[in-house]
file run.txt (compact mmCIF, N, CA and C atoms)
# COMPACT_ATOMS: atom_id res chain seq x y z
N MET A 1 17.82 -11.29 52.05
CA MET A 1 17.25 -12.61 52.10
C MET A 1 18.34 -13.61 51.74
N THR A 2 18.44 -14.67 52.50
CA THR A 2 19.39 -15.73 52.26
C THR A 2 18.68 -16.88 51.58
N VAL A 3 19.29 -17.44 50.55
CA VAL A 3 18.71 -18.59 49.87
C VAL A 3 19.62 -19.78 50.07
N TRP A 4 19.07 -20.85 50.62
CA TRP A 4 19.81 -22.09 50.81
C TRP A 4 19.14 -23.17 49.98
N ARG A 5 19.91 -23.98 49.33
CA ARG A 5 19.38 -25.12 48.59
C ARG A 5 19.50 -26.35 49.48
N ILE A 6 18.44 -27.09 49.58
CA ILE A 6 18.42 -28.30 50.39
C ILE A 6 18.36 -29.48 49.43
N THR A 7 19.31 -30.39 49.55
CA THR A 7 19.34 -31.53 48.65
C THR A 7 18.85 -32.77 49.36
N GLY A 8 18.38 -33.71 48.58
CA GLY A 8 17.89 -34.98 49.13
C GLY A 8 19.04 -35.87 49.54
N GLY A 9 18.69 -36.95 50.20
CA GLY A 9 19.70 -37.91 50.65
C GLY A 9 20.18 -38.77 49.51
N GLU A 10 20.93 -39.81 49.85
CA GLU A 10 21.50 -40.71 48.87
C GLU A 10 20.40 -41.35 48.01
N GLY A 11 20.50 -41.24 46.73
CA GLY A 11 19.53 -41.85 45.84
C GLY A 11 18.28 -41.02 45.62
N GLY A 12 18.07 -39.98 46.38
CA GLY A 12 16.90 -39.13 46.21
C GLY A 12 15.63 -39.79 46.72
N PRO A 13 14.49 -39.18 46.43
CA PRO A 13 13.23 -39.72 46.92
C PRO A 13 12.85 -41.02 46.23
N ASP A 14 12.04 -41.81 46.89
CA ASP A 14 11.52 -43.04 46.32
C ASP A 14 10.77 -42.69 45.05
N PRO A 15 11.09 -43.33 43.91
CA PRO A 15 10.44 -42.97 42.65
C PRO A 15 8.92 -43.09 42.68
N GLY A 16 8.38 -43.97 43.52
CA GLY A 16 6.93 -44.13 43.59
C GLY A 16 6.28 -43.18 44.56
N ALA A 17 7.06 -42.49 45.37
CA ALA A 17 6.51 -41.59 46.39
C ALA A 17 6.24 -40.22 45.80
N ARG A 18 5.24 -39.57 46.35
CA ARG A 18 4.93 -38.20 45.96
C ARG A 18 6.00 -37.30 46.57
N GLU A 19 6.64 -36.50 45.75
CA GLU A 19 7.73 -35.67 46.22
C GLU A 19 7.22 -34.51 47.07
N ALA A 20 7.81 -34.36 48.24
CA ALA A 20 7.45 -33.25 49.13
C ALA A 20 8.08 -31.97 48.60
N PRO A 21 7.45 -30.83 48.87
CA PRO A 21 8.03 -29.56 48.41
C PRO A 21 9.39 -29.32 49.08
N ARG A 22 10.27 -28.70 48.34
CA ARG A 22 11.58 -28.35 48.88
C ARG A 22 11.52 -26.93 49.42
N TYR A 23 11.71 -26.81 50.71
CA TYR A 23 11.70 -25.50 51.35
C TYR A 23 13.11 -24.94 51.24
N ASP A 24 13.37 -24.18 50.18
CA ASP A 24 14.72 -23.77 49.86
C ASP A 24 14.96 -22.26 49.92
N ILE A 25 13.98 -21.50 50.36
CA ILE A 25 14.17 -20.05 50.52
C ILE A 25 13.95 -19.72 51.99
N VAL A 26 14.95 -19.14 52.62
CA VAL A 26 14.82 -18.73 54.01
C VAL A 26 14.24 -17.32 54.02
N GLU A 27 13.01 -17.20 54.49
CA GLU A 27 12.33 -15.91 54.54
C GLU A 27 12.67 -15.16 55.82
N HIS A 28 12.88 -15.90 56.90
CA HIS A 28 13.17 -15.28 58.21
C HIS A 28 13.86 -16.32 59.07
N ASP A 29 14.89 -15.89 59.79
CA ASP A 29 15.59 -16.80 60.68
C ASP A 29 16.07 -16.01 61.89
N SER A 30 15.47 -16.30 63.05
CA SER A 30 15.86 -15.64 64.29
C SER A 30 15.90 -16.69 65.39
N ALA A 31 16.24 -16.25 66.60
CA ALA A 31 16.30 -17.16 67.73
C ALA A 31 14.93 -17.78 68.02
N LEU A 32 13.85 -17.06 67.75
CA LEU A 32 12.50 -17.55 68.06
C LEU A 32 11.81 -18.27 66.91
N LEU A 33 12.07 -17.85 65.69
CA LEU A 33 11.26 -18.33 64.57
C LEU A 33 12.09 -18.47 63.31
N ARG A 34 11.83 -19.57 62.61
CA ARG A 34 12.43 -19.80 61.29
C ARG A 34 11.29 -20.01 60.30
N ILE A 35 11.33 -19.26 59.20
CA ILE A 35 10.33 -19.37 58.15
C ILE A 35 11.06 -19.69 56.85
N THR A 36 10.70 -20.82 56.26
CA THR A 36 11.28 -21.19 54.97
C THR A 36 10.14 -21.38 53.97
N ALA A 37 10.45 -21.12 52.72
CA ALA A 37 9.44 -21.21 51.67
C ALA A 37 9.94 -22.13 50.56
N ALA A 38 9.00 -22.66 49.81
CA ALA A 38 9.31 -23.50 48.66
C ALA A 38 9.32 -22.62 47.42
N SER A 39 10.43 -22.62 46.70
CA SER A 39 10.51 -21.76 45.52
C SER A 39 9.59 -22.24 44.40
N GLY A 40 9.27 -23.53 44.38
CA GLY A 40 8.47 -24.06 43.29
C GLY A 40 6.99 -24.19 43.59
N ALA A 41 6.56 -23.74 44.77
CA ALA A 41 5.15 -23.90 45.14
C ALA A 41 4.79 -22.82 46.17
N PRO A 42 3.51 -22.47 46.26
CA PRO A 42 3.09 -21.46 47.25
C PRO A 42 2.96 -22.10 48.64
N ARG A 43 4.12 -22.48 49.20
CA ARG A 43 4.15 -23.16 50.50
C ARG A 43 5.19 -22.51 51.40
N VAL A 44 4.85 -22.47 52.67
CA VAL A 44 5.76 -21.92 53.67
C VAL A 44 5.74 -22.85 54.89
N LEU A 45 6.88 -22.97 55.54
CA LEU A 45 7.05 -23.83 56.71
C LEU A 45 7.55 -22.97 57.86
N LEU A 46 6.86 -23.02 58.99
CA LEU A 46 7.24 -22.24 60.16
C LEU A 46 7.65 -23.17 61.29
N ALA A 47 8.68 -22.76 62.04
CA ALA A 47 9.13 -23.54 63.19
C ALA A 47 9.57 -22.57 64.29
N GLY A 48 9.04 -22.79 65.48
CA GLY A 48 9.41 -21.95 66.61
C GLY A 48 8.20 -21.30 67.23
N GLU A 49 8.36 -20.02 67.58
CA GLU A 49 7.31 -19.27 68.26
C GLU A 49 6.92 -18.05 67.44
N VAL A 50 5.61 -17.85 67.29
CA VAL A 50 5.08 -16.68 66.58
C VAL A 50 4.45 -15.79 67.64
N ASP A 51 5.04 -14.59 67.79
CA ASP A 51 4.50 -13.65 68.77
C ASP A 51 4.62 -12.23 68.25
N VAL A 52 4.25 -11.28 69.08
CA VAL A 52 4.22 -9.88 68.66
C VAL A 52 5.58 -9.39 68.15
N SER A 53 6.66 -10.01 68.60
CA SER A 53 8.00 -9.56 68.18
C SER A 53 8.32 -9.94 66.74
N ASN A 54 7.64 -10.92 66.17
CA ASN A 54 8.00 -11.35 64.82
C ASN A 54 6.81 -11.45 63.84
N THR A 55 5.67 -10.91 64.23
CA THR A 55 4.52 -11.00 63.31
C THR A 55 4.72 -10.18 62.04
N ALA A 56 5.49 -9.12 62.10
CA ALA A 56 5.78 -8.35 60.87
C ALA A 56 6.56 -9.23 59.90
N ALA A 57 7.49 -10.04 60.42
CA ALA A 57 8.25 -10.96 59.57
C ALA A 57 7.35 -12.04 58.99
N VAL A 58 6.39 -12.53 59.79
CA VAL A 58 5.43 -13.53 59.31
C VAL A 58 4.60 -12.93 58.17
N ALA A 59 4.09 -11.74 58.38
CA ALA A 59 3.29 -11.08 57.34
C ALA A 59 4.10 -10.86 56.07
N ARG A 60 5.35 -10.40 56.22
CA ARG A 60 6.23 -10.20 55.06
C ARG A 60 6.45 -11.51 54.31
N ALA A 61 6.72 -12.59 55.04
CA ALA A 61 6.98 -13.88 54.42
C ALA A 61 5.74 -14.38 53.67
N LEU A 62 4.57 -14.25 54.28
CA LEU A 62 3.34 -14.69 53.62
C LEU A 62 3.08 -13.88 52.35
N ARG A 63 3.33 -12.56 52.41
CA ARG A 63 3.16 -11.72 51.21
C ARG A 63 4.16 -12.12 50.12
N ALA A 64 5.41 -12.38 50.51
CA ALA A 64 6.44 -12.75 49.53
C ALA A 64 6.08 -14.04 48.82
N VAL A 65 5.62 -15.02 49.57
CA VAL A 65 5.23 -16.30 48.97
C VAL A 65 4.01 -16.10 48.07
N ARG A 66 3.04 -15.33 48.54
CA ARG A 66 1.85 -15.03 47.74
C ARG A 66 2.23 -14.35 46.43
N ASP A 67 3.16 -13.39 46.50
CA ASP A 67 3.54 -12.63 45.32
C ASP A 67 4.35 -13.44 44.30
N ARG A 68 5.01 -14.51 44.76
CA ARG A 68 5.80 -15.35 43.85
C ARG A 68 4.94 -16.36 43.09
N GLY A 69 3.72 -16.59 43.54
CA GLY A 69 2.89 -17.60 42.90
C GLY A 69 1.46 -17.12 42.77
N SER A 70 0.61 -18.07 42.46
CA SER A 70 -0.81 -17.75 42.36
C SER A 70 -1.60 -18.85 43.04
N GLY A 71 -2.85 -18.59 43.28
CA GLY A 71 -3.70 -19.58 43.90
C GLY A 71 -3.61 -19.55 45.42
N ASP A 72 -3.92 -20.69 46.01
CA ASP A 72 -3.93 -20.80 47.47
C ASP A 72 -2.52 -20.85 48.02
N LEU A 73 -2.37 -20.35 49.25
CA LEU A 73 -1.09 -20.38 49.94
C LEU A 73 -1.21 -21.39 51.07
N HIS A 74 -0.24 -22.29 51.18
CA HIS A 74 -0.25 -23.34 52.19
C HIS A 74 0.85 -23.09 53.20
N ALA A 75 0.48 -23.10 54.48
CA ALA A 75 1.45 -22.88 55.56
C ALA A 75 1.44 -24.09 56.49
N ASP A 76 2.61 -24.67 56.69
CA ASP A 76 2.77 -25.80 57.59
C ASP A 76 3.17 -25.26 58.96
N LEU A 77 2.29 -25.43 59.94
CA LEU A 77 2.54 -24.93 61.29
C LEU A 77 2.90 -26.05 62.27
N SER A 78 3.22 -27.23 61.77
CA SER A 78 3.48 -28.36 62.67
C SER A 78 4.69 -28.12 63.57
N GLY A 79 5.58 -27.22 63.18
CA GLY A 79 6.75 -26.92 64.00
C GLY A 79 6.57 -25.70 64.90
N VAL A 80 5.37 -25.14 64.95
CA VAL A 80 5.12 -23.96 65.78
C VAL A 80 4.72 -24.42 67.18
N GLU A 81 5.50 -23.99 68.16
CA GLU A 81 5.26 -24.40 69.55
C GLU A 81 4.37 -23.43 70.30
N PHE A 82 4.37 -22.16 69.89
CA PHE A 82 3.62 -21.13 70.60
C PHE A 82 3.16 -20.08 69.60
N MET A 83 1.96 -19.55 69.81
CA MET A 83 1.47 -18.44 69.01
C MET A 83 0.57 -17.58 69.89
N ASP A 84 0.83 -16.26 69.88
CA ASP A 84 -0.03 -15.36 70.64
C ASP A 84 -1.09 -14.75 69.71
N VAL A 85 -1.90 -13.88 70.26
CA VAL A 85 -2.99 -13.28 69.49
C VAL A 85 -2.46 -12.47 68.31
N ALA A 86 -1.32 -11.83 68.47
CA ALA A 86 -0.73 -11.08 67.35
C ALA A 86 -0.41 -12.02 66.19
N GLY A 87 0.06 -13.22 66.50
CA GLY A 87 0.33 -14.21 65.46
C GLY A 87 -0.95 -14.67 64.77
N LEU A 88 -1.98 -14.94 65.58
CA LEU A 88 -3.27 -15.31 65.01
C LEU A 88 -3.78 -14.23 64.07
N ARG A 89 -3.61 -12.97 64.49
CA ARG A 89 -4.07 -11.84 63.68
C ARG A 89 -3.31 -11.79 62.35
N ALA A 90 -2.00 -12.04 62.38
CA ALA A 90 -1.22 -12.01 61.14
C ALA A 90 -1.74 -13.03 60.13
N PHE A 91 -2.07 -14.23 60.59
CA PHE A 91 -2.61 -15.24 59.69
C PHE A 91 -4.02 -14.88 59.23
N SER A 92 -4.83 -14.34 60.13
CA SER A 92 -6.19 -13.94 59.76
C SER A 92 -6.18 -12.83 58.72
N GLU A 93 -5.29 -11.85 58.89
CA GLU A 93 -5.21 -10.75 57.92
C GLU A 93 -4.70 -11.26 56.57
N ALA A 94 -3.73 -12.17 56.59
CA ALA A 94 -3.25 -12.75 55.33
C ALA A 94 -4.36 -13.52 54.64
N ALA A 95 -5.18 -14.24 55.42
CA ALA A 95 -6.29 -14.99 54.85
C ALA A 95 -7.32 -14.05 54.21
N ARG A 96 -7.63 -12.95 54.88
CA ARG A 96 -8.58 -11.98 54.31
C ARG A 96 -8.05 -11.41 52.99
N ASP A 97 -6.76 -11.10 52.98
CA ASP A 97 -6.14 -10.57 51.77
C ASP A 97 -6.23 -11.59 50.63
N LEU A 98 -5.94 -12.84 50.92
CA LEU A 98 -6.04 -13.88 49.90
C LEU A 98 -7.50 -14.06 49.46
N HIS A 99 -8.42 -13.98 50.40
CA HIS A 99 -9.85 -14.10 50.07
C HIS A 99 -10.26 -13.01 49.08
N ASP A 100 -9.75 -11.80 49.29
CA ASP A 100 -10.05 -10.69 48.37
C ASP A 100 -9.50 -10.95 46.97
N ARG A 101 -8.51 -11.85 46.87
CA ARG A 101 -7.91 -12.21 45.58
C ARG A 101 -8.41 -13.58 45.11
N ASP A 102 -9.51 -14.05 45.70
CA ASP A 102 -10.11 -15.34 45.37
C ASP A 102 -9.21 -16.52 45.70
N GLY A 103 -8.45 -16.41 46.78
CA GLY A 103 -7.58 -17.50 47.21
C GLY A 103 -7.84 -17.86 48.66
N LEU A 104 -7.14 -18.87 49.12
CA LEU A 104 -7.24 -19.33 50.50
C LEU A 104 -5.86 -19.38 51.14
N LEU A 105 -5.83 -19.19 52.45
CA LEU A 105 -4.66 -19.50 53.26
C LEU A 105 -5.01 -20.80 53.97
N VAL A 106 -4.32 -21.86 53.61
CA VAL A 106 -4.59 -23.19 54.17
C VAL A 106 -3.49 -23.50 55.18
N LEU A 107 -3.90 -23.66 56.42
CA LEU A 107 -2.96 -23.98 57.50
C LEU A 107 -2.94 -25.48 57.71
N HIS A 108 -1.76 -26.08 57.61
CA HIS A 108 -1.59 -27.52 57.78
C HIS A 108 -0.86 -27.80 59.09
N GLY A 109 -1.15 -28.94 59.69
CA GLY A 109 -0.42 -29.37 60.88
C GLY A 109 -0.54 -28.42 62.05
N VAL A 110 -1.70 -27.81 62.20
CA VAL A 110 -1.90 -26.83 63.26
C VAL A 110 -1.96 -27.57 64.60
N PRO A 111 -1.06 -27.24 65.54
CA PRO A 111 -1.11 -27.89 66.86
C PRO A 111 -2.47 -27.63 67.53
N PRO A 112 -2.96 -28.60 68.29
CA PRO A 112 -4.28 -28.46 68.90
C PRO A 112 -4.46 -27.20 69.74
N HIS A 113 -3.43 -26.78 70.48
CA HIS A 113 -3.59 -25.59 71.32
C HIS A 113 -3.72 -24.32 70.48
N ILE A 114 -3.12 -24.30 69.31
CA ILE A 114 -3.24 -23.13 68.43
C ILE A 114 -4.59 -23.16 67.71
N GLU A 115 -5.02 -24.33 67.28
CA GLU A 115 -6.34 -24.45 66.66
C GLU A 115 -7.42 -24.02 67.66
N ARG A 116 -7.23 -24.39 68.93
CA ARG A 116 -8.21 -24.00 69.95
C ARG A 116 -8.27 -22.48 70.11
N LEU A 117 -7.11 -21.81 70.06
CA LEU A 117 -7.11 -20.34 70.15
C LEU A 117 -7.88 -19.71 68.99
N PHE A 118 -7.63 -20.20 67.77
CA PHE A 118 -8.38 -19.70 66.62
C PHE A 118 -9.88 -19.83 66.87
N THR A 119 -10.29 -20.98 67.41
CA THR A 119 -11.71 -21.26 67.65
C THR A 119 -12.27 -20.40 68.78
N LEU A 120 -11.53 -20.28 69.88
CA LEU A 120 -12.01 -19.49 71.03
C LEU A 120 -12.23 -18.03 70.65
N ILE A 121 -11.32 -17.49 69.85
CA ILE A 121 -11.44 -16.10 69.44
C ILE A 121 -12.47 -15.94 68.33
N GLY A 122 -12.73 -17.02 67.61
CA GLY A 122 -13.70 -16.97 66.53
C GLY A 122 -13.07 -16.70 65.18
N TRP A 123 -11.75 -16.65 65.12
CA TRP A 123 -11.07 -16.36 63.86
C TRP A 123 -10.91 -17.60 62.98
N ASN A 124 -11.36 -18.75 63.44
CA ASN A 124 -11.34 -19.94 62.60
C ASN A 124 -12.33 -19.82 61.44
N THR A 125 -13.25 -18.87 61.53
CA THR A 125 -14.22 -18.63 60.45
C THR A 125 -13.85 -17.43 59.58
N THR A 126 -12.63 -16.96 59.71
CA THR A 126 -12.15 -15.84 58.89
C THR A 126 -12.28 -16.19 57.42
N PRO A 127 -12.86 -15.30 56.62
CA PRO A 127 -12.94 -15.56 55.17
C PRO A 127 -11.54 -15.79 54.59
N GLY A 128 -11.41 -16.85 53.82
CA GLY A 128 -10.13 -17.15 53.19
C GLY A 128 -9.22 -18.02 54.04
N LEU A 129 -9.63 -18.39 55.24
CA LEU A 129 -8.80 -19.22 56.12
C LEU A 129 -9.38 -20.62 56.20
N GLU A 130 -8.53 -21.59 55.97
CA GLU A 130 -8.92 -22.99 56.15
C GLU A 130 -7.89 -23.67 57.02
N ILE A 131 -8.35 -24.21 58.13
CA ILE A 131 -7.46 -24.95 59.03
C ILE A 131 -7.62 -26.41 58.63
N HIS A 132 -6.59 -26.96 58.02
CA HIS A 132 -6.66 -28.26 57.37
C HIS A 132 -5.66 -29.22 58.01
N CYS A 133 -6.07 -30.44 58.15
CA CYS A 133 -5.20 -31.51 58.63
C CYS A 133 -4.55 -31.23 59.98
N PRO A 134 -5.36 -30.86 61.00
CA PRO A 134 -4.73 -30.68 62.30
C PRO A 134 -4.20 -32.01 62.81
N PRO A 135 -3.11 -32.01 63.58
CA PRO A 135 -2.59 -33.27 64.10
C PRO A 135 -3.63 -33.93 64.99
N ARG A 136 -3.65 -35.24 64.98
CA ARG A 136 -4.58 -35.98 65.84
C ARG A 136 -3.86 -36.40 67.10
N GLY A 137 -4.61 -36.47 68.16
CA GLY A 137 -3.98 -36.97 69.36
C GLY A 137 -4.49 -36.32 70.53
call {"tool": "encode", "arguments": {"input": "run.txt", "output": "C-alpha cells"}}
result
Amino acid sequence: MTVWRITGGEGGPDPGAREAPRYDIVEHDSALLRITAASGAPRVLLAGEVDVSNTAAVARALRAVRDRGSGDLHADLSGVEFMDVAGLRAFSEAARDLHDRDGLLVLHGVPPHIERLFTLIGWNTTPGLEIHCPPRG
C-alpha cells in the first residue's frame, strides 16, 4: 500500500469553511480505477470504472476503511464513470456486512446511471445501504 499526503493550497482552507476530509491513503491505483481513503475518517473516494476486473480491490478497500474506524462508512462515487453488476454486488455485500455490525454504507454523489442500475436490480433496498445525495440534473 502506498501512502501519499495531500496538502492544502496557499493559506489552507477558509477558517470559516467546514474542512473536507483529506483522502491521503491510496488503497488501489490502476489504469481503470483509483481508490483513496481518508486516514482520519471512515471515507473513501473512487474515480474511474468499477467492473469485474477490480471488484476484489473495491471490496478490500472498503474492508480496510471499515477496519480502521467505526460507525458508518461513506463512499464518494462522483468520480465513477462506469459500474457493472459485479461492482454493484461489491457495494451491496459491503453494505450487508456493515448492517450486520449495526452500520451503514452511505454512497454519496452517485451518478444517475449507476443509481438507476441499483434501482432496476432492486439492490437500492439492500440492508445497510443508503444512496445519499445523488447529483441533480
call {"tool": "select_by_dssp", "arguments": {"input": "run.txt", "residues": "range 17-103 of chain A", "states": "alpha helix (DSSP H)", "output": "ChimeraX atom specification"}}
result
/A:55-68,85-100
call {"tool": "closest_residue", "arguments": {"input": "run.txt", "among": "A:Gly109, A:Pro127, A:Gly40, A:Pro21", "to": "Ala75 in chain A", "atoms": "only C-alpha atoms"}}
result
A:Gly109
call {"tool": "atom_distance", "arguments": {"input": "run.txt", "atom1": "atom N of Val106 in chain A", "atom2": "atom C of Ala31 in chain A"}}
result
24.4 Å
call {"tool": "closest_residue", "arguments": {"input": "run.txt", "among": "A:His132, A:Arg43, A:Trp123, A:Asp29", "to": "Leu73 in chain A", "atoms": "only N, CA and C atoms"}}
result
A:Arg43
call {"tool": "closest_residue", "arguments": {"input": "run.txt", "among": "A:Val110, A:Leu62, A:Ile121, A:Leu77", "to": "Ala94 in chain A", "atoms": "all atoms listed in the file"}}
result
A:Leu62
call {"tool": "residues_around", "arguments": {"input": "run.txt", "residues": "Arg63 in chain A", "least_positions_apart": "6", "cutoff": "12 Å", "atoms": "only C-alpha atoms", "output": "CSV table (one decimal) with N, CA and C atoms, in the frame of the given file"}}
result
chain,number,residue,atom,x,y,z
A,27,GLU,N,13.0,-17.2,54.5
A,27,GLU,CA,12.3,-15.9,54.5
A,27,GLU,C,12.7,-15.2,55.8
A,37,ALA,N,10.4,-21.1,52.7
A,37,ALA,CA,9.4,-21.2,51.7
A,37,ALA,C,9.9,-22.1,50.6
A,42,PRO,N,3.5,-22.5,46.3
A,42,PRO,CA,3.1,-21.5,47.2
A,42,PRO,C,3.0,-22.1,48.6
A,43,ARG,N,4.1,-22.5,49.2
A,43,ARG,CA,4.2,-23.2,50.5
A,43,ARG,C,5.2,-22.5,51.4
A,44,VAL,N,4.8,-22.5,52.7
A,44,VAL,CA,5.8,-21.9,53.7
A,44,VAL,C,5.7,-22.8,54.9
A,56,ALA,N,5.5,-9.1,62.1
A,56,ALA,CA,5.8,-8.4,60.9
A,56,ALA,C,6.6,-9.2,59.9
A,57,ALA,N,7.5,-10.0,60.4
A,57,ALA,CA,8.2,-11.0,59.6
A,57,ALA,C,7.4,-12.0,59.0
A,69,GLY,N,3.7,-16.6,43.5
A,69,GLY,CA,2.9,-17.6,42.9
A,69,GLY,C,1.5,-17.1,42.8
A,70,SER,N,0.6,-18.1,42.5
A,70,SER,CA,-0.8,-17.8,42.4
A,70,SER,C,-1.6,-18.8,43.0
A,73,LEU,N,-2.4,-20.4,49.2
A,73,LEU,CA,-1.1,-20.4,49.9
A,73,LEU,C,-1.2,-21.4,51.1
A,90,ALA,N,-2.0,-12.0,62.4
A,90,ALA,CA,-1.2,-12.0,61.1
A,90,ALA,C,-1.7,-13.0,60.1
A,91,PHE,N,-2.1,-14.2,60.6
A,91,PHE,CA,-2.6,-15.2,59.7
A,91,PHE,C,-4.0,-14.9,59.2
A,93,GLU,N,-5.3,-11.8,58.9
A,93,GLU,CA,-5.2,-10.8,57.9
A,93,GLU,C,-4.7,-11.3,56.6
A,94,ALA,N,-3.7,-12.2,56.6
A,94,ALA,CA,-3.2,-12.8,55.3
A,94,ALA,C,-4.4,-13.5,54.6
A,95,ALA,N,-5.2,-14.2,55.4
A,95,ALA,CA,-6.3,-15.0,54.8
A,95,ALA,C,-7.3,-14.0,54.2
A,97,ASP,N,-6.8,-11.1,53.0
A,97,ASP,CA,-6.1,-10.6,51.8
A,97,ASP,C,-6.2,-11.6,50.6
A,98,LEU,N,-5.9,-12.8,50.9
A,98,LEU,CA,-6.0,-13.9,49.9
A,98,LEU,C,-7.5,-14.1,49.5
A,105,LEU,N,-5.8,-19.2,52.4
A,105,LEU,CA,-4.7,-19.5,53.3
A,105,LEU,C,-5.0,-20.8,54.0
call {"tool": "closest_residue", "arguments": {"input": "run.txt", "among": "A:Asp100, A:Val85, A:Val50, A:Ser78", "to": "Pro112 in chain A", "atoms": "only C-alpha atoms"}}
result
A:Ser78
call {"tool": "closest_residue", "arguments": {"input": "run.txt", "among": "A:Val26, A:Phe118, A:Thr125, A:Phe82", "to": "Asp51 in chain A", "atoms": "only C-alpha atoms"}}
result
A:Phe82
call {"tool": "axis_aligned_box", "arguments": {"input": "run.txt", "around": "range 72-80 of chain A", "padding_each_side": "8 Å", "output": "AutoDock Vina command-line options"}}
result
--center_x 1.4 --center_y -24.4 --center_z 56.6 --size_x 26.7 --size_y 24.0 --size_z 37.2
call {"tool": "select_by_dssp", "arguments": {"input": "run.txt", "residues": "range 43-92 of chain A", "states": "strand (DSSP E or B)", "output": "mmCIF file with N, CA and C atoms, in the frame of the given file"}}
result
data_model
loop_
_atom_site.group_PDB
_atom_site.id
_atom_site.type_symbol
_atom_site.label_atom_id
_atom_site.label_comp_id
_atom_site.auth_asym_id
_atom_site.auth_seq_id
_atom_site.Cartn_x
_atom_site.Cartn_y
_atom_site.Cartn_z
ATOM 1 N N ARG A 43 4.120 -22.480 49.200
ATOM 2 C CA ARG A 43 4.150 -23.160 50.500
ATOM 3 C C ARG A 43 5.190 -22.510 51.400
ATOM 4 N N VAL A 44 4.850 -22.470 52.670
ATOM 5 C CA VAL A 44 5.760 -21.920 53.670
ATOM 6 C C VAL A 44 5.740 -22.850 54.890
ATOM 7 N N LEU A 45 6.880 -22.970 55.540
ATOM 8 C CA LEU A 45 7.050 -23.830 56.710
ATOM 9 C C LEU A 45 7.550 -22.970 57.860
ATOM 10 N N LEU A 46 6.860 -23.020 58.990
ATOM 11 C CA LEU A 46 7.240 -22.240 60.160
ATOM 12 C C LEU A 46 7.650 -23.170 61.290
ATOM 13 N N ALA A 47 8.680 -22.760 62.040
ATOM 14 C CA ALA A 47 9.130 -23.540 63.190
ATOM 15 C C ALA A 47 9.570 -22.570 64.290
ATOM 16 N N GLY A 48 9.040 -22.790 65.480
ATOM 17 C CA GLY A 48 9.410 -21.950 66.610
ATOM 18 C C GLY A 48 8.200 -21.300 67.230
ATOM 19 N N GLU A 49 8.360 -20.020 67.580
ATOM 20 C CA GLU A 49 7.310 -19.270 68.260
ATOM 21 C C GLU A 49 6.920 -18.050 67.440
ATOM 22 N N VAL A 50 5.610 -17.850 67.290
ATOM 23 C CA VAL A 50 5.080 -16.680 66.580
ATOM 24 C C VAL A 50 4.450 -15.790 67.640
ATOM 25 N N LEU A 73 -2.370 -20.350 49.250
ATOM 26 C CA LEU A 73 -1.090 -20.380 49.940
ATOM 27 C C LEU A 73 -1.210 -21.390 51.070
ATOM 28 N N HIS A 74 -0.240 -22.290 51.180
ATOM 29 C CA HIS A 74 -0.250 -23.340 52.190
ATOM 30 C C HIS A 74 0.850 -23.090 53.200
ATOM 31 N N ALA A 75 0.480 -23.100 54.480
ATOM 32 C CA ALA A 75 1.450 -22.880 55.560
ATOM 33 C C ALA A 75 1.440 -24.090 56.490
ATOM 34 N N ASP A 76 2.610 -24.670 56.690
ATOM 35 C CA ASP A 76 2.770 -25.800 57.590
ATOM 36 C C ASP A 76 3.170 -25.260 58.960
ATOM 37 N N LEU A 77 2.290 -25.430 59.940
ATOM 38 C CA LEU A 77 2.540 -24.930 61.290
ATOM 39 C C LEU A 77 2.900 -26.050 62.270
ATOM 40 N N SER A 78 3.220 -27.230 61.770
ATOM 41 C CA SER A 78 3.480 -28.360 62.670
ATOM 42 C C SER A 78 4.690 -28.120 63.570
ATOM 43 N N GLY A 79 5.580 -27.220 63.180
ATOM 44 C CA GLY A 79 6.750 -26.920 64.000
ATOM 45 C C GLY A 79 6.570 -25.700 64.900
ATOM 46 N N VAL A 80 5.370 -25.140 64.950
ATOM 47 C CA VAL A 80 5.120 -23.960 65.780
ATOM 48 C C VAL A 80 4.720 -24.420 67.180
ATOM 49 N N GLU A 81 5.500 -23.990 68.160
ATOM 50 C CA GLU A 81 5.260 -24.400 69.550
ATOM 51 C C GLU A 81 4.370 -23.430 70.300
ATOM 52 N N PHE A 82 4.370 -22.160 69.890
ATOM 53 C CA PHE A 82 3.620 -21.130 70.600
ATOM 54 C C PHE A 82 3.160 -20.080 69.600
ATOM 55 N N MET A 83 1.960 -19.550 69.810
ATOM 56 C CA MET A 83 1.470 -18.440 69.010
ATOM 57 C C MET A 83 0.570 -17.580 69.890
#
call {"tool": "closest_residue", "arguments": {"input": "run.txt", "among": "A:Leu104, A:Arg22, A:Leu120, A:Leu129", "to": "Ala41 in chain A", "atoms": "all atoms listed in the file"}}
result
A:Arg22
call {"tool": "atom_distance", "arguments": {"input": "run.txt", "atom1": "CA of His99 in chain A", "atom2": "CA of Arg68 in chain A"}}
result
16.9 Å
call {"tool": "residues_around", "arguments": {"input": "run.txt", "residues": "Arg34 in chain A", "least_positions_apart": "2", "cutoff": "6 Å", "atoms": "all atoms listed in the file", "output": "compact mmCIF listing (two decimals) with N, CA and C atoms, in the frame of the given file"}}
result
# COMPACT_ATOMS: atom_id res chain seq x y z
N HIS A 28 12.88 -15.90 56.90
CA HIS A 28 13.17 -15.28 58.21
C HIS A 28 13.86 -16.32 59.07
N ASP A 29 14.89 -15.89 59.79
CA ASP A 29 15.59 -16.80 60.68
C ASP A 29 16.07 -16.01 61.89
N SER A 30 15.47 -16.30 63.05
CA SER A 30 15.86 -15.64 64.29
C SER A 30 15.90 -16.69 65.39
N LEU A 32 13.85 -17.06 67.75
CA LEU A 32 12.50 -17.55 68.06
C LEU A 32 11.81 -18.27 66.91
N THR A 36 10.70 -20.82 56.26
CA THR A 36 11.28 -21.19 54.97
C THR A 36 10.14 -21.38 53.97
N LEU A 45 6.88 -22.97 55.54
CA LEU A 45 7.05 -23.83 56.71
C LEU A 45 7.55 -22.97 57.86
N LEU A 46 6.86 -23.02 58.99
CA LEU A 46 7.24 -22.24 60.16
C LEU A 46 7.65 -23.17 61.29
N ALA A 47 8.68 -22.76 62.04
CA ALA A 47 9.13 -23.54 63.19
C ALA A 47 9.57 -22.57 64.29
N GLY A 48 9.04 -22.79 65.48
CA GLY A 48 9.41 -21.95 66.61
C GLY A 48 8.20 -21.30 67.23
call {"tool": "atom_distance", "arguments": {"input": "run.txt", "atom1": "atom N of Gly103 in chain A", "atom2": "atom C of Gly128 in chain A"}}
result
7.5 Å
